[in-house]
Amino acid sequence: MTEKYNMPDERGHFGPYGGIFVAETLIPPIQELNAAYHQYLKDPEFIAELDADLKHYVGRPSPLYHAERWSRELGGAQIYLKREDLNHTGSHKINNTVGQALLAKRMGKTRIIAETGAGQHGVATATVAARLGLECVVYMGSVDVARQSLNVYRMKLLGAKVVAVESGSKTLKDALNEALRDWVTNVDNTFYIIGTVAGPHPYPAMVRDFQAIIGRESKQQCLEATGRLPDALVACVGGGSNAIGLFYPFIEDNSVKMYGVEAAGDGIATGRHSAPLSAGRPGVLHGNRTYLMADDDGEIIETHSISAGLDYPGVGPEHAWLKDTGRATYVDITDSEALEGFYALTRMEGIIPALESSHAMAYAMKLAPTMTKDETIIINLSGRGDKDMQTMAKREGIEL
Amino acid sequence: MSRLAAKFEELAQTGRKALIPFITAGDPRPDFTLPMMYAMVKAGVDVIELGVPFSDPMADGPVIQRASERALDHKMSLRRTLEIAAEFRKTDQLTPVVLMGYLNPIEAMGYEGFACAAQRAGIDGVLTVDLPPEEAEEYSALLTTRGIDPIFLLAPNSSDERVRKMDAAGSGYIYYVSLKGVTGAGHLNIADVENKLRQIRANTRLPVAIGFGVKDAQTAKTIANLGDGVVIGSALISKIEANLDDPDQAKNEIVELLASIRQALDC
């Protein structure tokens, strides 16, 4: 890997990935967004407002917690959890929505739209829209509406309109399609808050930059706690925003290994999974070139994961680049392994993780025992498990 | 001269406007498309836009989305769409055929593989909805050297600079998306289209076909007169959708609508 990392280029390319692949009507709003983003990124007043919101509204910095009991139990590396689950609204998603909403306000937009899978990004968007008094419409696949009803209710309480999307596979990718259709129709007054590091440029870079606070804090907290950099980072990857947020500030620290954990669903061999980096191929979807789950004809394949937030056939283009260059390693964890991670953290540390984050926990359970006791792993605990109580209870045959 | 360029020149010389129907290949069934193409030629169309079904048609409204889903249910694909076009070309050497779709099926085939296959199938133009000219250099060159026109979109919010960019990057014709929205939307504003066409004309000499939101003969005539031709898609596909049990009836209704538009355009 290079010493100096300065991806993407000015047109949003991470090597062959990324770029801007959208219908012509979206080119002007994307140019407008790109200009505003670059302007405010360097604006001390904007940065000060963002920092204040992150501190007082989101509750940052989030703790870096040493999971001592669990580390001892696994008998290897020391595990530290980056507690994004303790943020306002319960996940890392709010880091990005706070930033994009401030941009929307600066740009004079009065209407916010978003897509959501598990509902965490939808809730985080509805939250900032409520706070700024902006109209908010959230698109969500009808399958996800059914399995994440708690978050649907939260969004409605916050004043957002939740639109259940019935097209295609009725999950996150279809919610994204529908949000893009809304944006094309309402470009003049509408700001589209994309929740992950995908979409056309500048979204992958912009969302990364808003999420990179996770890695910046982690680095400093790890140095304070252990006196050195971590040896490995572990994060789950759907679109990949929590992973890139943790990884990005460490990219030039070559001693730090990075593991992105994709959802293997029923197992890669069954074809019922959501692991484009592990088992997909490059292609173009939702505005960028990246690894996708597609068939030989280029049609997008339906994905499967126990966690709605990882149930997406693409992945952020920067992850595609980090995979190809070998800077990050991408692994996969099945539904049943993720459940083991879920129960382990819950019972060993008294922390109930989101099913998405449970994939990272499960991989760390494999990784930690292969490392020595004086080595350190940071896992991004990207969200809390409250939203998954119904899913888990149902699996256990309990009616809530 | 390409078949598209020749067609638009002929239309200009006779003072007529191009009637360009859009149907999705394989909708409602694969065996519907070829006879439909022949019937549309008989009804007096000038260019046929053949939609390549895609699993995630982000720029399309519900009508064309459902057409894509029906076609995909029958395993329609880019490869099979090209086979239909090749079959059509065997007996019709005159009517230009333009493929319209999304980039990923073309990526899966590979740009060069696709360009060769399209040339063999007698395709005259390719309109790739999610491929702006900035990302299209290599792709357009592969098409152009094989006599296939890369066709680009313009939108109501496109700047003069964008129009000039499409003028430089594209050939055949420019497809003007007459409203901000998805295909089949219903809020077409004639005065806006008229103003925009003035701006477009000032920046390109390519023919301009206007589409999105055209539903009947009268609107088609008004719109066509502002440019060089009119594209009609969702209104045709609605006929298919209304007659899923009776494809012959769908075909008759489509022919009837196209014939009425042809008549309106020419009088």
# chains A, B, ... in the order shown; residues from 1 in each chain; ligands from 1
>>> interface_residues(of="chain B", to="chain A", cutoff="6 Å", atoms="only C-alpha atoms", output="PyMOL selection string")
chain B and resi 55+58+104-105+108+129-131+155+180-181
>>> write_last_selection(atoms="all heavy atoms", output="PDB file, in the first residue's frame")
ATOM      1  N   SER B  55     -33.001  -5.270 -13.449  1.00  0.00           N
ATOM      2  CA  SER B  55     -33.593  -5.539 -12.138  1.00  0.00           C
ATOM      3  C   SER B  55     -33.815  -4.277 -11.315  1.00  0.00           C
ATOM      4  O   SER B  55     -34.662  -4.260 -10.434  1.00  0.00           O
ATOM      5  CB  SER B  55     -32.672  -6.486 -11.354  1.00  0.00           C
ATOM      6  OG  SER B  55     -31.345  -5.981 -11.342  1.00  0.00           O
ATOM      7  N   MET B  58     -33.741   2.507 -12.059  1.00  0.00           N
ATOM      8  CA  MET B  58     -33.865   3.657 -11.157  1.00  0.00           C
ATOM      9  C   MET B  58     -34.522   4.886 -11.744  1.00  0.00           C
ATOM     10  O   MET B  58     -35.031   5.714 -11.018  1.00  0.00           O
ATOM     11  CB  MET B  58     -32.468   4.048 -10.651  1.00  0.00           C
ATOM     12  CG  MET B  58     -31.885   3.064  -9.700  1.00  0.00           C
ATOM     13  SD  MET B  58     -30.084   3.053  -9.830  1.00  0.00           S
ATOM     14  CE  MET B  58     -29.821   2.061 -11.270  1.00  0.00           C
ATOM     15  N   ASN B 104     -25.343  -1.843 -16.106  1.00  0.00           N
ATOM     16  CA  ASN B 104     -24.769  -3.066 -15.545  1.00  0.00           C
ATOM     17  C   ASN B 104     -24.840  -4.303 -16.456  1.00  0.00           C
ATOM     18  O   ASN B 104     -23.872  -5.048 -16.533  1.00  0.00           O
ATOM     19  CB  ASN B 104     -25.320  -3.380 -14.154  1.00  0.00           C
ATOM     20  CG  ASN B 104     -24.369  -4.273 -13.390  1.00  0.00           C
ATOM     21  OD1 ASN B 104     -23.176  -3.969 -13.282  1.00  0.00           O
ATOM     22  ND2 ASN B 104     -24.859  -5.403 -12.922  1.00  0.00           N
ATOM     23  N   PRO B 105     -25.944  -4.531 -17.171  1.00  0.00           N
ATOM     24  CA  PRO B 105     -25.938  -5.674 -18.100  1.00  0.00           C
ATOM     25  C   PRO B 105     -24.836  -5.546 -19.168  1.00  0.00           C
ATOM     26  O   PRO B 105     -24.245  -6.552 -19.582  1.00  0.00           O
ATOM     27  CB  PRO B 105     -27.331  -5.619 -18.728  1.00  0.00           C
ATOM     28  CG  PRO B 105     -28.180  -4.979 -17.676  1.00  0.00           C
ATOM     29  CD  PRO B 105     -27.292  -3.937 -17.044  1.00  0.00           C
ATOM     30  N   ALA B 108     -21.550  -6.382 -17.570  1.00  0.00           N
ATOM     31  CA  ALA B 108     -21.418  -7.830 -17.391  1.00  0.00           C
ATOM     32  C   ALA B 108     -20.966  -8.491 -18.695  1.00  0.00           C
ATOM     33  O   ALA B 108     -20.200  -9.455 -18.686  1.00  0.00           O
ATOM     34  CB  ALA B 108     -22.746  -8.427 -16.912  1.00  0.00           C
ATOM     35  N   VAL B 129     -28.986   4.837 -19.705  1.00  0.00           N
ATOM     36  CA  VAL B 129     -29.587   5.853 -18.839  1.00  0.00           C
ATOM     37  C   VAL B 129     -28.632   6.340 -17.751  1.00  0.00           C
ATOM     38  O   VAL B 129     -28.540   7.537 -17.484  1.00  0.00           O
ATOM     39  CB  VAL B 129     -30.870   5.289 -18.181  1.00  0.00           C
ATOM     40  CG1 VAL B 129     -31.481   6.295 -17.228  1.00  0.00           C
ATOM     41  CG2 VAL B 129     -31.867   4.886 -19.253  1.00  0.00           C
ATOM     42  N   ASP B 130     -27.905   5.409 -17.126  1.00  0.00           N
ATOM     43  CA  ASP B 130     -27.073   5.803 -15.986  1.00  0.00           C
ATOM     44  C   ASP B 130     -25.598   5.952 -16.373  1.00  0.00           C
ATOM     45  O   ASP B 130     -24.723   5.744 -15.540  1.00  0.00           O
ATOM     46  CB  ASP B 130     -27.243   4.823 -14.809  1.00  0.00           C
ATOM     47  CG  ASP B 130     -27.003   3.367 -15.204  1.00  0.00           C
ATOM     48  OD1 ASP B 130     -26.886   3.088 -16.415  1.00  0.00           O
ATOM     49  OD2 ASP B 130     -26.941   2.509 -14.310  1.00  0.00           O
ATOM     50  N   LEU B 131     -25.353   6.331 -17.607  1.00  0.00           N
ATOM     51  CA  LEU B 131     -23.968   6.549 -18.043  1.00  0.00           C
ATOM     52  C   LEU B 131     -23.807   7.956 -18.621  1.00  0.00           C
ATOM     53  O   LEU B 131     -24.049   8.187 -19.801  1.00  0.00           O
ATOM     54  CB  LEU B 131     -23.572   5.511 -19.097  1.00  0.00           C
ATOM     55  CG  LEU B 131     -22.123   5.595 -19.585  1.00  0.00           C
ATOM     56  CD1 LEU B 131     -21.145   5.293 -18.464  1.00  0.00           C
ATOM     57  CD2 LEU B 131     -21.891   4.663 -20.762  1.00  0.00           C
ATOM     58  N   ALA B 155     -31.819  17.023 -19.615  1.00  0.00           N
ATOM     59  CA  ALA B 155     -32.925  17.176 -18.669  1.00  0.00           C
ATOM     60  C   ALA B 155     -33.303  18.650 -18.551  1.00  0.00           C
ATOM     61  O   ALA B 155     -32.550  19.524 -18.992  1.00  0.00           O
ATOM     62  CB  ALA B 155     -32.506  16.614 -17.316  1.00  0.00           C
ATOM     63  N   LYS B 180     -38.801  16.822 -14.894  1.00  0.00           N
ATOM     64  CA  LYS B 180     -38.016  16.280 -13.795  1.00  0.00           C
ATOM     65  C   LYS B 180     -38.844  15.161 -13.186  1.00  0.00           C
ATOM     66  O   LYS B 180     -39.899  15.406 -12.612  1.00  0.00           O
ATOM     67  CB  LYS B 180     -37.744  17.362 -12.748  1.00  0.00           C
ATOM     68  CG  LYS B 180     -36.803  18.446 -13.237  1.00  0.00           C
ATOM     69  CD  LYS B 180     -36.686  19.551 -12.209  1.00  0.00           C
ATOM     70  CE  LYS B 180     -35.978  20.750 -12.821  1.00  0.00           C
ATOM     71  NZ  LYS B 180     -36.244  21.992 -12.071  1.00  0.00           N
ATOM     72  N   GLY B 181     -38.385  13.951 -13.332  1.00  0.00           N
ATOM     73  CA  GLY B 181     -39.148  12.836 -12.806  1.00  0.00           C
ATOM     74  C   GLY B 181     -38.782  11.562 -13.521  1.00  0.00           C
ATOM     75  O   GLY B 181     -37.810  11.515 -14.273  1.00  0.00           O
TER      76      GLY B 181
END
>>> residues_around(residues="segment 231-238 of chain B", least_positions_apart="5", cutoff="6 Å", atoms="only C-alpha atoms", output="ChimeraX atom specification")
/B:20-22,184,210-211,214-215,254
>>> closest_residue(among="B:Ala6, B:Ile200, B:Met76, B:Ala136", to="Ala25 of chain B", atoms="only C-alpha atoms")
B:Met76
>>> select_by_dssp(residues="segment 30-177 of chain B", states="strand (DSSP E or B)", output="ChimeraX atom specification")
/B:48-51,97-101,125-128,149-151,153-154,174-177
>>> atom_distance(atom1="atom CA of Ala129 of chain A", atom2="atom CA of Ala101 of chain A")
7.2 Å
>>> atom_distance(atom1="atom CA of Tyr80 of chain A", atom2="atom CA of Leu229 of chain A")
12.0 Å
>>> atom_distance(atom1="atom CA of Val98 of chain A", atom2="atom CA of Val128 of chain A")
6.2 Å
